[in-house]
$ cat target-v7.pdb   # PDB, C-alpha atoms and all ligand atoms
ATOM      1  CA  MET A   1      33.896 -18.999  -3.468
ATOM      2  CA  LEU A   2      30.878 -17.417  -1.759
ATOM      3  CA  HIS A   3      29.094 -19.837   0.560
ATOM      4  CA  ILE A   4      25.519 -19.048   1.651
ATOM      5  CA  ASP A   5      23.709 -21.119   4.282
ATOM      6  CA  ILE A   6      19.971 -20.492   4.396
ATOM      7  CA  ILE A   7      18.102 -21.586   7.524
ATOM      8  CA  THR A   8      14.374 -21.961   6.862
ATOM      9  CA  VAL A   9      11.257 -23.859   7.898
ATOM     10  CA  LEU A  10      10.362 -24.205   4.194
ATOM     11  CA  PRO A  11      13.446 -25.499   2.347
ATOM     12  CA  GLU A  12      11.156 -26.962  -0.332
ATOM     13  CA  MET A  13      10.065 -23.443  -1.244
ATOM     14  CA  LEU A  14      13.642 -22.443  -2.142
ATOM     15  CA  GLY A  15      15.194 -25.617  -3.599
ATOM     16  CA  ASN A  16      13.878 -25.233  -7.140
ATOM     17  CA  PHE A  17      14.587 -21.550  -7.377
ATOM     18  CA  LEU A  18      18.191 -21.869  -6.234
ATOM     19  CA  ASN A  19      18.881 -24.738  -8.629
ATOM     20  CA  CYS A  20      17.788 -23.059 -11.850
ATOM     21  CA  SER A  21      19.383 -20.904 -14.476
ATOM     22  CA  ILE A  22      22.223 -18.582 -13.470
ATOM     23  CA  LEU A  23      22.253 -19.584  -9.794
ATOM     24  CA  LYS A  24      22.594 -23.229 -10.814
ATOM     25  CA  ARG A  25      25.406 -22.431 -13.249
ATOM     26  CA  ALA A  26      27.242 -20.401 -10.594
ATOM     27  CA  GLN A  27      27.114 -23.396  -8.269
ATOM     28  CA  ASP A  28      28.045 -25.896 -11.003
ATOM     29  CA  ASN A  29      31.095 -23.729 -11.779
ATOM     30  CA  ASN A  30      32.105 -23.533  -8.089
ATOM     31  CA  LEU A  31      31.642 -19.765  -7.976
ATOM     32  CA  ALA A  32      29.013 -20.010  -5.257
ATOM     33  CA  GLU A  33      27.523 -22.610  -2.974
ATOM     34  CA  ILE A  34      24.057 -22.268  -1.461
ATOM     35  CA  CYS A  35      22.963 -24.771   1.195
ATOM     36  CA  LEU A  36      19.491 -25.093   2.657
ATOM     37  CA  HIS A  37      18.985 -26.118   6.278
ATOM     38  CA  ASN A  38      15.631 -27.106   7.698
ATOM     39  CA  LEU A  39      15.209 -25.368  11.055
ATOM     40  CA  ARG A  40      13.099 -28.311  12.257
ATOM     41  CA  ASP A  41      16.176 -30.551  12.061
ATOM     42  CA  TYR A  42      17.542 -28.515  14.967
ATOM     43  CA  SER A  43      14.451 -28.754  17.156
ATOM     44  CA  PRO A  44      15.243 -30.197  20.595
ATOM     45  CA  ASP A  45      11.862 -31.950  20.260
ATOM     46  CA  SER A  46      12.782 -34.859  17.996
ATOM     47  CA  ARG A  47       9.226 -36.263  17.892
ATOM     48  CA  HIS A  48       7.173 -33.231  16.841
ATOM     49  CA  ARG A  49      10.105 -31.176  15.571
ATOM     50  CA  ARG A  50       8.478 -28.135  17.104
ATOM     51  CA  ILE A  51      10.312 -24.848  16.671
ATOM     52  CA  ASP A  52       7.782 -22.226  17.811
ATOM     53  CA  ASP A  53       5.705 -21.270  20.828
ATOM     54  CA  TYR A  54       3.219 -18.647  22.013
ATOM     55  CA  PRO A  55       4.599 -15.176  22.697
ATOM     56  CA  PHE A  56       5.020 -13.947  26.260
ATOM     57  CA  GLY A  57       2.557 -11.097  26.701
ATOM     58  CA  GLY A  58      -0.394 -12.828  25.085
ATOM     59  CA  GLN A  59      -0.321 -11.389  21.538
ATOM     60  CA  ALA A  60      -1.641 -13.416  18.610
ATOM     61  CA  GLY A  61       0.647 -15.600  16.504
ATOM     62  CA  MET A  62       3.608 -17.857  17.118
ATOM     63  CA  VAL A  63       7.255 -17.030  17.720
ATOM     64  CA  ILE A  64      10.285 -19.080  16.649
ATOM     65  CA  GLN A  65      12.130 -20.199  19.785
ATOM     66  CA  CYS A  66      15.761 -19.501  20.651
ATOM     67  CA  GLU A  67      16.971 -23.061  20.943
ATOM     68  CA  PRO A  68      16.465 -24.442  17.408
ATOM     69  CA  VAL A  69      17.985 -21.296  15.879
ATOM     70  CA  ASP A  70      20.892 -21.304  18.333
ATOM     71  CA  ARG A  71      21.535 -24.992  17.644
ATOM     72  CA  ALA A  72      21.432 -24.475  13.867
ATOM     73  CA  ILE A  73      23.816 -21.506  13.947
ATOM     74  CA  THR A  74      26.132 -23.172  16.481
ATOM     75  CA  PHE A  75      26.325 -26.259  14.249
ATOM     76  CA  LEU A  76      27.075 -24.201  11.118
ATOM     77  CA  ARG A  77      29.744 -22.268  13.006
ATOM     78  CA  THR A  78      31.632 -25.501  13.680
ATOM     79  CA  LYS A  79      32.140 -25.753   9.881
ATOM     80  CA  ARG A  80      33.109 -22.183   8.950
ATOM     81  CA  GLN A  81      33.538 -18.641  10.179
ATOM     82  CA  TYR A  82      30.773 -16.306   9.069
ATOM     83  CA  ASP A  83      31.154 -12.741   7.839
ATOM     84  CA  GLU A  84      27.473 -12.019   8.385
ATOM     85  CA  ILE A  85      24.525 -13.752  10.032
ATOM     86  CA  ILE A  86      21.544 -12.101   8.398
ATOM     87  CA  TYR A  87      17.937 -12.168   9.543
ATOM     88  CA  THR A  88      15.211 -11.336   7.012
ATOM     89  CA  SER A  89      12.673  -8.987   8.503
ATOM     90  CA  PRO A  90      10.492  -6.102   7.316
ATOM     91  CA  ASP A  91      12.038  -3.909  10.012
ATOM     92  CA  GLY A  92      15.601  -4.433   8.785
ATOM     93  CA  GLU A  93      17.841  -2.201   6.697
ATOM     94  CA  LYS A  94      16.518  -1.874   3.129
ATOM     95  CA  PHE A  95      18.152  -4.247   0.617
ATOM     96  CA  CYS A  96      19.563  -2.350  -2.354
ATOM     97  CA  GLN A  97      22.343  -2.640  -4.924
ATOM     98  CA  PRO A  98      25.163  -1.364  -2.648
ATOM     99  CA  VAL A  99      24.212  -3.971  -0.007
ATOM    100  CA  ALA A 100      24.211  -6.685  -2.697
ATOM    101  CA  ASN A 101      27.638  -5.478  -3.870
ATOM    102  CA  GLN A 102      29.014  -5.636  -0.315
ATOM    103  CA  LEU A 103      27.631  -9.104   0.375
ATOM    104  CA  SER A 104      28.911 -10.483  -2.955
ATOM    105  CA  MET A 105      32.449  -9.846  -1.687
ATOM    106  CA  LYS A 106      32.004 -11.934   1.486
ATOM    107  CA  GLN A 107      33.092 -15.551   1.922
ATOM    108  CA  ASN A 108      30.497 -17.073   4.237
ATOM    109  CA  ILE A 109      27.000 -15.829   4.990
ATOM    110  CA  ILE A 110      24.053 -17.251   6.923
ATOM    111  CA  ILE A 111      20.557 -16.074   6.032
ATOM    112  CA  LEU A 112      17.987 -16.922   8.685
ATOM    113  CA  CYS A 113      14.474 -16.688   7.280
ATOM    114  CA  GLY A 114      11.886 -15.254   9.613
ATOM    115  CA  HIS A 115       8.491 -16.953   9.867
ATOM    116  CA  TYR A 116       5.240 -16.707  11.829
ATOM    117  CA  LYS A 117       5.210 -13.484  13.852
ATOM    118  CA  GLY A 118       8.998 -13.490  14.084
ATOM    119  CA  ILE A 119      11.779 -14.980  16.160
ATOM    120  CA  ASP A 120      12.583 -14.628  19.843
ATOM    121  CA  TYR A 121      14.234 -11.219  20.071
ATOM    122  CA  ARG A 122      17.205 -12.616  22.000
ATOM    123  CA  ILE A 123      18.386 -14.315  18.799
ATOM    124  CA  ARG A 124      18.435 -10.945  17.095
ATOM    125  CA  GLU A 125      20.316  -9.393  20.001
ATOM    126  CA  HIS A 126      22.927 -12.099  20.463
ATOM    127  CA  LEU A 127      23.459 -13.972  17.189
ATOM    128  CA  ILE A 128      22.297 -11.849  14.245
ATOM    129  CA  THR A 129      24.813  -9.392  12.783
ATOM    130  CA  ARG A 130      22.565  -7.763  10.206
ATOM    131  CA  GLU A 131      18.813  -7.464   9.619
ATOM    132  CA  ILE A 132      17.606  -6.921   6.079
ATOM    133  CA  SER A 133      14.222  -6.084   4.550
ATOM    134  CA  ILE A 134      13.563  -6.384   0.818
ATOM    135  CA  GLY A 135      10.878  -3.695   0.921
ATOM    136  CA  ASP A 136       8.129  -2.030   2.888
ATOM    137  CA  TYR A 137       5.561  -4.816   2.733
ATOM    138  CA  VAL A 138       5.027  -7.896   4.855
ATOM    139  CA  LEU A 139       5.636 -11.355   3.380
ATOM    140  CA  THR A 140       4.424 -14.569   4.995
ATOM    141  CA  GLY A 141       8.028 -15.546   5.623
ATOM    142  CA  GLY A 142      11.615 -14.602   4.847
ATOM    143  CA  GLU A 143      12.113 -17.260   2.148
ATOM    144  CA  LEU A 144      11.336 -14.974  -0.784
ATOM    145  CA  ALA A 145      13.566 -12.313   0.758
ATOM    146  CA  ALA A 146      16.412 -14.862   1.020
ATOM    147  CA  ALA A 147      15.842 -15.880  -2.616
ATOM    148  CA  VAL A 148      15.876 -12.262  -3.792
ATOM    149  CA  MET A 149      19.092 -11.560  -1.888
ATOM    150  CA  ALA A 150      20.863 -14.739  -3.020
ATOM    151  CA  ASP A 151      19.963 -13.969  -6.650
ATOM    152  CA  ALA A 152      21.104 -10.330  -6.517
ATOM    153  CA  ILE A 153      24.326 -11.251  -4.674
ATOM    154  CA  VAL A 154      25.421 -14.308  -6.680
ATOM    155  CA  ARG A 155      25.004 -12.686 -10.098
ATOM    156  CA  LEU A 156      27.581 -10.058  -9.061
ATOM    157  CA  ILE A 157      30.348 -12.606  -8.472
ATOM    158  CA  PRO A 158      32.906 -12.269 -11.290
ATOM    159  CA  GLY A 159      32.405 -15.003 -13.891
ATOM    160  CA  VAL A 160      28.780 -15.764 -12.991
ATOM    161  CA  ILE A 161      27.327 -13.658 -15.789
ATOM    162  CA  GLY A 162      28.895 -14.397 -19.168
ATOM    163  CA  ASP A 163      29.512 -10.823 -20.185
ATOM    164  CA  GLU A 164      31.764  -9.395 -17.426
ATOM    165  CA  GLN A 165      30.496  -5.936 -18.198
ATOM    166  CA  SER A 166      26.851  -6.707 -17.806
ATOM    167  CA  ALA A 167      26.613  -6.813 -13.995
ATOM    168  CA  LEU A 168      28.536  -3.567 -13.736
ATOM    169  CA  SER A 169      26.340  -1.782 -16.273
ATOM    170  CA  ASP A 170      23.108  -2.777 -14.512
ATOM    171  CA  SER A 171      20.490  -0.293 -13.553
ATOM    172  CA  PHE A 172      21.316   1.097 -10.083
ATOM    173  CA  GLN A 173      25.082   0.490 -10.178
ATOM    174  CA  ASP A 174      25.511   4.187 -10.903
ATOM    175  CA  ASN A 175      22.083   5.307  -9.681
ATOM    176  CA  LEU A 176      20.928   5.380 -13.299
ATOM    177  CA  LEU A 177      18.231   3.222 -14.863
ATOM    178  CA  ALA A 178      19.292   1.207 -17.915
ATOM    179  CA  PRO A 179      18.555   2.646 -21.381
ATOM    180  CA  PRO A 180      15.868   0.930 -23.486
ATOM    181  CA  LEU A 181      16.903  -2.162 -25.470
ATOM    182  CA  TYR A 182      15.756  -3.286 -28.927
ATOM    183  CA  THR A 183      16.382  -6.250 -31.187
ATOM    184  CA  ARG A 184      15.467  -7.331 -34.699
ATOM    185  CA  PRO A 185      13.355  -6.574 -36.653
ATOM    186  CA  ALA A 186      14.054  -2.849 -36.821
ATOM    187  CA  ASN A 187      10.454  -2.288 -37.873
ATOM    188  CA  TYR A 188       7.727  -4.379 -36.289
ATOM    189  CA  ARG A 189       4.166  -3.493 -37.300
ATOM    190  CA  GLY A 190       5.409   0.027 -37.935
ATOM    191  CA  TRP A 191       6.965   0.264 -34.447
ATOM    192  CA  GLN A 192      10.394   1.666 -35.276
ATOM    193  CA  VAL A 193      13.661   1.163 -33.436
ATOM    194  CA  PRO A 194      15.294   4.590 -32.773
ATOM    195  CA  GLU A 195      17.273   5.574 -35.881
ATOM    196  CA  ILE A 196      20.454   6.283 -33.928
ATOM    197  CA  LEU A 197      20.820   2.585 -32.935
ATOM    198  CA  LEU A 198      20.948   1.590 -36.609
ATOM    199  CA  SER A 199      23.513   4.261 -37.489
ATOM    200  CA  GLY A 200      26.586   2.214 -36.559
ATOM    201  CA  HIS A 201      28.068   5.331 -34.949
ATOM    202  CA  GLU A 202      29.418   3.827 -31.684
ATOM    203  CA  ALA A 203      30.246   7.053 -29.814
ATOM    204  CA  ARG A 204      26.950   8.728 -30.661
ATOM    205  CA  ILE A 205      25.044   5.599 -29.652
ATOM    206  CA  ARG A 206      26.784   5.510 -26.221
ATOM    207  CA  GLU A 207      25.953   9.195 -25.779
ATOM    208  CA  TRP A 208      22.299   8.563 -26.699
ATOM    209  CA  GLU A 209      22.126   5.678 -24.233
ATOM    210  CA  LEU A 210      23.516   7.813 -21.413
ATOM    211  CA  GLN A 211      21.031  10.570 -22.232
ATOM    212  CA  GLN A 212      18.181   8.040 -22.205
ATOM    213  CA  SER A 213      19.384   6.707 -18.843
ATOM    214  CA  ILE A 214      19.440  10.176 -17.346
ATOM    215  CA  GLU A 215      16.009  11.094 -18.739
ATOM    216  CA  ARG A 216      14.410   7.798 -17.659
ATOM    217  CA  THR A 217      15.867   8.135 -14.173
ATOM    218  CA  GLN A 218      14.599  11.695 -13.788
ATOM    219  CA  LEU A 219      11.173  10.692 -15.063
ATOM    220  CA  LEU A 220      10.684   7.307 -13.383
ATOM    221  CA  ARG A 221      12.913   7.465 -10.299
ATOM    222  CA  PRO A 222      13.507  11.092  -9.324
ATOM    223  CA  ASP A 223      14.571   9.804  -5.872
ATOM    224  CA  LEU A 224      17.570   8.040  -7.473
ATOM    225  CA  ALA A 225      18.420  11.076  -9.604
ATOM    226  CA  LYS A 226      18.546  13.143  -6.420
ATOM    227  CA  GLU A 227      20.955  10.699  -4.708
ATOM    228  CA  THR A 228      23.354  11.180  -7.633
ATOM    229  CA  ASP A 229      23.224  14.975  -7.314
ATOM    230  CA  ASN A 230      24.333  14.853  -3.663
TER     231      ASN A 230
HETATM  232  N1  LIG A 301       9.767 -11.117   6.049
HETATM  233  C1  LIG A 301       8.502 -10.675   5.929
HETATM  234  N2  LIG A 301       8.464  -9.564   5.180
HETATM  235  C2  LIG A 301       9.740  -9.287   4.808
HETATM  236  C3  LIG A 301      10.356  -8.263   4.032
HETATM  237  N3  LIG A 301       9.651  -7.283   3.472
HETATM  238  N4  LIG A 301      11.691  -8.307   3.865
HETATM  239  C4  LIG A 301      12.412  -9.283   4.433
HETATM  240  N5  LIG A 301      11.886 -10.269   5.166
HETATM  241  C5  LIG A 301      10.570 -10.278   5.366
END
$ encode --input "target-v7.pdb" --output "structure tokens"
Amino acid sequence: MLHIDIITVLPEMLGNFLNCSILKRAQDNNLAEICLHNLRDYSPDSRHRRIDDYPFGGQAGMVIQCEPVDRAITFLRTKRQYDEIIYTSPDGEKFCQPVANQLSMKQNIIILCGHYKGIDYRIREHLITREISIGDYVLTGGELAAAVMADAIVRLIPGVIGDEQSALSDSFQDNLLAPPLYTRPANYRGWQVPEILLSGHEARIREWELQQSIERTQLLRPDLAKETDN
């Protein structure tokens, strides 16, 4: 079972998301376990539960201090051995399908959500094993990044998605976008479903889908099409 510990200053932001739909079912079926940890619980300051301070050097904004993060990670490490201790940050390695695939095969992962201006760099140097960005834009915190990663990772675990095939045939698994999908009725307000899909000719339909995938990838994501050529 994949176990993910998420350390955050906003556990309430993630609770609902992680306990809905497919992520909830994965946890109910013991295929994954996702635990939220409030960084403030590890503050050495039990009265104000403070976890941040002004940066040395006088820049604007607050920085998460070493001690609460170190205490949180040290505590979690008494319970299990971690394959990765991930920090969410816009300057990390870009999250993509191959990274999700890799992480879905791990046993124990910590995701530390960044907040404010960031965390004391010494945490990144000494405790973090991997820094991941979900894209070239700046979020107010790492919580959405942690949610995106947990979702993309957990759905890849065998058994989480009903149809075993469906995670493997996703867009991006082979650097191809998915072909278009249609359902009944075959004619809606004169908008016709492609004839081939109604033909019942399995092999020709698969061929059409592959062709559509290739064309859509070349048109919409030429960068992906290029990766496949190499
Ligand atoms: N924290 C703030 N922005 C982020 C991003 N783009 N990816 C991951 N974590 C972040």
$ residues_around --input "target-v7.pdb" --residues "His3 of chain A" --least-positions-apart "2" --cutoff "7 Å" --atoms "all atoms listed in the file" --output "list in words"
Met1, Asp5, Ala32, Glu33, Ile34, Gln107, Asn108 and Ile109 of chain A
$ resolve_selection --input "target-v7.pdb" --expression "the PyMOL selection byres (((chain A and resi 166-183) around 8) and not hetatm)" --output "PyMOL selection string"
chain A and resi 97-98+155-156+161+163-165+184-186+193+209-210+212-214+216-217+224-225+227-228
$ closest_residue --input "target-v7.pdb" --among "A:Tyr87, A:Tyr54, A:Trp191, A:Phe75" --to "Glu143 of chain A" --atoms "all atoms listed in the file"
A:Tyr87
$ resolve_selection --input "target-v7.pdb" --expression "the PyMOL selection byres (((not hetatm)) within 10 of (chain A and resi 301))" --output "PDB file with C-alpha atoms, in the frame of the given file"
ATOM      1  CA  TYR A  87      17.937 -12.168   9.543  1.00  0.00           C
ATOM      2  CA  THR A  88      15.211 -11.336   7.012  1.00  0.00           C
ATOM      3  CA  SER A  89      12.673  -8.987   8.503  1.00  0.00           C
ATOM      4  CA  PRO A  90      10.492  -6.102   7.316  1.00  0.00           C
ATOM      5  CA  ASP A  91      12.038  -3.909  10.012  1.00  0.00           C
ATOM      6  CA  GLY A  92      15.601  -4.433   8.785  1.00  0.00           C
ATOM      7  CA  GLU A  93      17.841  -2.201   6.697  1.00  0.00           C
ATOM      8  CA  LYS A  94      16.518  -1.874   3.129  1.00  0.00           C
ATOM      9  CA  PHE A  95      18.152  -4.247   0.617  1.00  0.00           C
ATOM     10  CA  LEU A 112      17.987 -16.922   8.685  1.00  0.00           C
ATOM     11  CA  CYS A 113      14.474 -16.688   7.280  1.00  0.00           C
ATOM     12  CA  GLY A 114      11.886 -15.254   9.613  1.00  0.00           C
ATOM     13  CA  HIS A 115       8.491 -16.953   9.867  1.00  0.00           C
ATOM     14  CA  TYR A 116       5.240 -16.707  11.829  1.00  0.00           C
ATOM     15  CA  LYS A 117       5.210 -13.484  13.852  1.00  0.00           C
ATOM     16  CA  GLY A 118       8.998 -13.490  14.084  1.00  0.00           C
ATOM     17  CA  GLU A 131      18.813  -7.464   9.619  1.00  0.00           C
ATOM     18  CA  ILE A 132      17.606  -6.921   6.079  1.00  0.00           C
ATOM     19  CA  SER A 133      14.222  -6.084   4.550  1.00  0.00           C
ATOM     20  CA  ILE A 134      13.563  -6.384   0.818  1.00  0.00           C
ATOM     21  CA  GLY A 135      10.878  -3.695   0.921  1.00  0.00           C
ATOM     22  CA  ASP A 136       8.129  -2.030   2.888  1.00  0.00           C
ATOM     23  CA  TYR A 137       5.561  -4.816   2.733  1.00  0.00           C
ATOM     24  CA  VAL A 138       5.027  -7.896   4.855  1.00  0.00           C
ATOM     25  CA  LEU A 139       5.636 -11.355   3.380  1.00  0.00           C
ATOM     26  CA  THR A 140       4.424 -14.569   4.995  1.00  0.00           C
ATOM     27  CA  GLY A 141       8.028 -15.546   5.623  1.00  0.00           C
ATOM     28  CA  GLY A 142      11.615 -14.602   4.847  1.00  0.00           C
ATOM     29  CA  GLU A 143      12.113 -17.260   2.148  1.00  0.00           C
ATOM     30  CA  LEU A 144      11.336 -14.974  -0.784  1.00  0.00           C
ATOM     31  CA  ALA A 145      13.566 -12.313   0.758  1.00  0.00           C
ATOM     32  CA  ALA A 146      16.412 -14.862   1.020  1.00  0.00           C
ATOM     33  CA  VAL A 148      15.876 -12.262  -3.792  1.00  0.00           C
ATOM     34  CA  MET A 149      19.092 -11.560  -1.888  1.00  0.00           C
TER      35      MET A 149
END
$ closest_residue --input "target-v7.pdb" --among "A:Leu127, A:Phe56, A:Gln27, A:His48" --to "Arg71 of chain A" --atoms "all atoms listed in the file"
A:Leu127
$ atom_distance --input "target-v7.pdb" --atom1 "atom CA of Arg130 of chain A" --atom2 "atom CA of Ile86 of chain A"
4.8 Å
$ resolve_selection --input "target-v7.pdb" --expression "the PyMOL selection byres (((chain A and resi 52) around 9) and not hetatm)" --output "VMD selection string"
chain A and resid 50 to 51 53 to 54 62 to 66 68 116 119
$ decode --input "target-v7.pdb" --residues "segment 4-23 of chain A" --atoms "N, CA and C atoms" --output "PDB file, in the first residue's frame"
ATOM      1  N   ILE A   4       1.102   8.168   1.928  1.00  0.00           N
ATOM      2  CA  ILE A   4       1.560   9.545   1.685  1.00  0.00           C
ATOM      3  C   ILE A   4       1.269  10.384   2.920  1.00  0.00           C
ATOM      4  N   ASP A   5       2.304  10.989   3.491  1.00  0.00           N
ATOM      5  CA  ASP A   5       2.125  11.952   4.578  1.00  0.00           C
ATOM      6  C   ASP A   5       2.290  13.343   4.004  1.00  0.00           C
ATOM      7  N   ILE A   6       1.296  14.187   4.215  1.00  0.00           N
ATOM      8  CA  ILE A   6       1.375  15.566   3.711  1.00  0.00           C
ATOM      9  C   ILE A   6       1.510  16.506   4.911  1.00  0.00           C
ATOM     10  N   ILE A   7       2.588  17.281   4.919  1.00  0.00           N
ATOM     11  CA  ILE A   7       2.806  18.252   5.994  1.00  0.00           C
ATOM     12  C   ILE A   7       2.417  19.630   5.450  1.00  0.00           C
ATOM     13  N   THR A   8       1.491  20.293   6.151  1.00  0.00           N
ATOM     14  CA  THR A   8       0.934  21.543   5.620  1.00  0.00           C
ATOM     15  C   THR A   8       0.516  22.471   6.755  1.00  0.00           C
ATOM     16  N   VAL A   9       0.457  23.778   6.474  1.00  0.00           N
ATOM     17  CA  VAL A   9      -0.118  24.692   7.455  1.00  0.00           C
ATOM     18  C   VAL A   9      -1.622  24.832   7.239  1.00  0.00           C
ATOM     19  N   LEU A  10      -2.148  24.237   6.174  1.00  0.00           N
ATOM     20  CA  LEU A  10      -3.579  24.340   5.863  1.00  0.00           C
ATOM     21  C   LEU A  10      -4.207  22.967   5.619  1.00  0.00           C
ATOM     22  N   PRO A  11      -4.200  22.086   6.632  1.00  0.00           N
ATOM     23  CA  PRO A  11      -4.769  20.750   6.400  1.00  0.00           C
ATOM     24  C   PRO A  11      -6.237  20.819   5.985  1.00  0.00           C
ATOM     25  N   GLU A  12      -6.943  21.864   6.451  1.00  0.00           N
ATOM     26  CA  GLU A  12      -8.376  21.967   6.135  1.00  0.00           C
ATOM     27  C   GLU A  12      -8.610  22.200   4.635  1.00  0.00           C
ATOM     28  N   MET A  13      -7.590  22.696   3.969  1.00  0.00           N
ATOM     29  CA  MET A  13      -7.722  22.947   2.527  1.00  0.00           C
ATOM     30  C   MET A  13      -7.705  21.632   1.749  1.00  0.00           C
ATOM     31  N   LEU A  14      -7.063  20.594   2.320  1.00  0.00           N
ATOM     32  CA  LEU A  14      -6.858  19.346   1.584  1.00  0.00           C
ATOM     33  C   LEU A  14      -7.816  18.231   1.990  1.00  0.00           C
ATOM     34  N   GLY A  15      -8.333  18.304   3.231  1.00  0.00           N
ATOM     35  CA  GLY A  15      -9.129  17.202   3.787  1.00  0.00           C
ATOM     36  C   GLY A  15     -10.247  16.754   2.880  1.00  0.00           C
ATOM     37  N   ASN A  16     -11.080  17.688   2.451  1.00  0.00           N
ATOM     38  CA  ASN A  16     -12.228  17.349   1.598  1.00  0.00           C
ATOM     39  C   ASN A  16     -11.803  16.707   0.308  1.00  0.00           C
ATOM     40  N   PHE A  17     -10.831  17.330  -0.324  1.00  0.00           N
ATOM     41  CA  PHE A  17     -10.389  16.851  -1.641  1.00  0.00           C
ATOM     42  C   PHE A  17      -9.902  15.409  -1.567  1.00  0.00           C
ATOM     43  N   LEU A  18      -9.121  15.108  -0.528  1.00  0.00           N
ATOM     44  CA  LEU A  18      -8.506  13.784  -0.444  1.00  0.00           C
ATOM     45  C   LEU A  18      -9.512  12.713  -0.021  1.00  0.00           C
ATOM     46  N   ASN A  19     -10.664  13.152   0.479  1.00  0.00           N
ATOM     47  CA  ASN A  19     -11.655  12.177   0.950  1.00  0.00           C
ATOM     48  C   ASN A  19     -12.886  12.117   0.064  1.00  0.00           C
ATOM     49  N   CYS A  20     -12.694  12.367  -1.219  1.00  0.00           N
ATOM     50  CA  CYS A  20     -13.787  12.303  -2.184  1.00  0.00           C
ATOM     51  C   CYS A  20     -13.449  11.330  -3.293  1.00  0.00           C
ATOM     52  N   SER A  21     -14.484  10.798  -3.885  1.00  0.00           N
ATOM     53  CA  SER A  21     -14.372  10.107  -5.170  1.00  0.00           C
ATOM     54  C   SER A  21     -13.325   8.995  -5.183  1.00  0.00           C
ATOM     55  N   ILE A  22     -12.467   9.013  -6.184  1.00  0.00           N
ATOM     56  CA  ILE A  22     -11.535   7.896  -6.409  1.00  0.00           C
ATOM     57  C   ILE A  22     -10.470   7.834  -5.322  1.00  0.00           C
ATOM     58  N   LEU A  23     -10.027   8.990  -4.824  1.00  0.00           N
ATOM     59  CA  LEU A  23      -9.027   8.966  -3.747  1.00  0.00           C
ATOM     60  C   LEU A  23      -9.625   8.364  -2.476  1.00  0.00           C
TER      61      LEU A  23
END
